[in-house]
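Some notes on the structure that comes next.
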Amino acid sequence: MHGDFYAHNLLVDDQAHALLGDFGAASFLPGDDGARAEALMRIDRRALDVLVDELAQRTA
């Protein structure tokens, strides 16, 4: 899991391919901690939603 999904960690190459960067906050989640893993995934999904919305507004 990346764990730090924000606009400043999104890199775009010269062919407009999006890449994730800055894996300093990435971590391995043990399989027996389902509640914590689900909470962290919700945070990452929300961060992605905010990022996509911001990109859409800036390119509209």
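Residues in the structure tokens are named by chain (A, B, ... in the order shown) and by number from 1 within that chain; ligands are numbered from 1 in the order shown.
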
Would you list the contacts of Leu48 in chain A as a PDB file with N, CA and C atoms, in the first residue's frame, taking every protein, DNA or RNA residue within 12 Å and counting only C-alpha atoms, but skipping same-chain residues closer than 3 positions in sequence?
ATOM      1  N   HIS A   2       0.545   2.212  -0.807  1.00  0.00           N
ATOM      2  CA  HIS A   2       1.347   3.427  -0.921  1.00  0.00           C
ATOM      3  C   HIS A   2       1.267   4.242   0.361  1.00  0.00           C
ATOM      4  N   GLY A   3       0.085   4.578   0.822  1.00  0.00           N
ATOM      5  CA  GLY A   3      -0.083   5.246   2.104  1.00  0.00           C
ATOM      6  C   GLY A   3       0.131   6.747   2.107  1.00  0.00           C
ATOM      7  N   ASP A   4       0.489   7.349   0.982  1.00  0.00           N
ATOM      8  CA  ASP A   4       0.751   8.789   0.923  1.00  0.00           C
ATOM      9  C   ASP A   4       0.347   9.306  -0.448  1.00  0.00           C
ATOM     10  N   PHE A   5      -0.904   9.046  -0.822  1.00  0.00           N
ATOM     11  CA  PHE A   5      -1.374   9.338  -2.174  1.00  0.00           C
ATOM     12  C   PHE A   5      -1.921  10.752  -2.254  1.00  0.00           C
ATOM     13  N   TYR A   6      -1.090  11.684  -2.702  1.00  0.00           N
ATOM     14  CA  TYR A   6      -1.469  13.082  -2.836  1.00  0.00           C
ATOM     15  C   TYR A   6      -0.918  13.617  -4.148  1.00  0.00           C
ATOM     16  N   ALA A   7      -1.418  14.780  -4.564  1.00  0.00           N
ATOM     17  CA  ALA A   7      -1.027  15.354  -5.853  1.00  0.00           C
ATOM     18  C   ALA A   7       0.486  15.506  -5.981  1.00  0.00           C
ATOM     19  N   HIS A   8       1.168  15.889  -4.923  1.00  0.00           N
ATOM     20  CA  HIS A   8       2.612  16.095  -5.020  1.00  0.00           C
ATOM     21  C   HIS A   8       3.386  14.785  -5.155  1.00  0.00           C
ATOM     22  N   ASN A   9       2.711  13.645  -5.025  1.00  0.00           N
ATOM     23  CA  ASN A   9       3.362  12.348  -5.232  1.00  0.00           C
ATOM     24  C   ASN A   9       2.999  11.729  -6.576  1.00  0.00           C
ATOM     25  N   LEU A  10       2.274  12.463  -7.390  1.00  0.00           N
ATOM     26  CA  LEU A  10       1.888  11.988  -8.713  1.00  0.00           C
ATOM     27  C   LEU A  10       2.822  12.606  -9.748  1.00  0.00           C
ATOM     28  N   LEU A  20       3.288   6.944  -9.698  1.00  0.00           N
ATOM     29  CA  LEU A  20       3.327   7.274  -8.279  1.00  0.00           C
ATOM     30  C   LEU A  20       4.765   7.412  -7.820  1.00  0.00           C
ATOM     31  N   MET A  41      -7.174   2.119   3.329  1.00  0.00           N
ATOM     32  CA  MET A  41      -7.596   2.104   1.927  1.00  0.00           C
ATOM     33  C   MET A  41      -8.650   3.172   1.671  1.00  0.00           C
ATOM     34  N   ARG A  42      -9.542   3.416   2.645  1.00  0.00           N
ATOM     35  CA  ARG A  42     -10.540   4.480   2.485  1.00  0.00           C
ATOM     36  C   ARG A  42      -9.854   5.840   2.394  1.00  0.00           C
ATOM     37  N   ILE A  43      -8.808   6.043   3.194  1.00  0.00           N
ATOM     38  CA  ILE A  43      -8.070   7.305   3.139  1.00  0.00           C
ATOM     39  C   ILE A  43      -7.435   7.477   1.763  1.00  0.00           C
ATOM     40  N   ASP A  44      -6.791   6.433   1.247  1.00  0.00           N
ATOM     41  CA  ASP A  44      -6.173   6.519  -0.074  1.00  0.00           C
ATOM     42  C   ASP A  44      -7.206   6.757  -1.161  1.00  0.00           C
ATOM     43  N   ARG A  45      -8.359   6.101  -1.068  1.00  0.00           N
ATOM     44  CA  ARG A  45      -9.402   6.312  -2.078  1.00  0.00           C
ATOM     45  C   ARG A  45      -9.909   7.741  -2.027  1.00  0.00           C
ATOM     46  N   LEU A  51      -7.782  14.297  -5.615  1.00  0.00           N
ATOM     47  CA  LEU A  51      -6.799  14.553  -6.665  1.00  0.00           C
ATOM     48  C   LEU A  51      -7.463  14.620  -8.034  1.00  0.00           C
ATOM     49  N   VAL A  52      -8.310  13.655  -8.350  1.00  0.00           N
ATOM     50  CA  VAL A  52      -8.979  13.627  -9.652  1.00  0.00           C
ATOM     51  C   VAL A  52      -9.875  14.848  -9.810  1.00  0.00           C
ATOM     52  N   ASP A  53     -10.598  15.221  -8.762  1.00  0.00           N
ATOM     53  CA  ASP A  53     -11.456  16.400  -8.819  1.00  0.00           C
ATOM     54  C   ASP A  53     -10.633  17.658  -9.073  1.00  0.00           C
ATOM     55  N   GLU A  54      -9.513  17.788  -8.386  1.00  0.00           N
ATOM     56  CA  GLU A  54      -8.655  18.960  -8.577  1.00  0.00           C
ATOM     57  C   GLU A  54      -8.089  19.007  -9.994  1.00  0.00           C
ATOM     58  N   LEU A  55      -7.643  17.869 -10.502  1.00  0.00           N
ATOM     59  CA  LEU A  55      -7.123  17.827 -11.870  1.00  0.00           C
ATOM     60  C   LEU A  55      -8.204  18.179 -12.882  1.00  0.00           C
TER      61      LEU A  55
END

Q: Go ahead and compute the interatomic distance for CA of Ala37 in chain A and CA of Ala18 in chain A, in Å to one decimal.
A: 24.6 Å
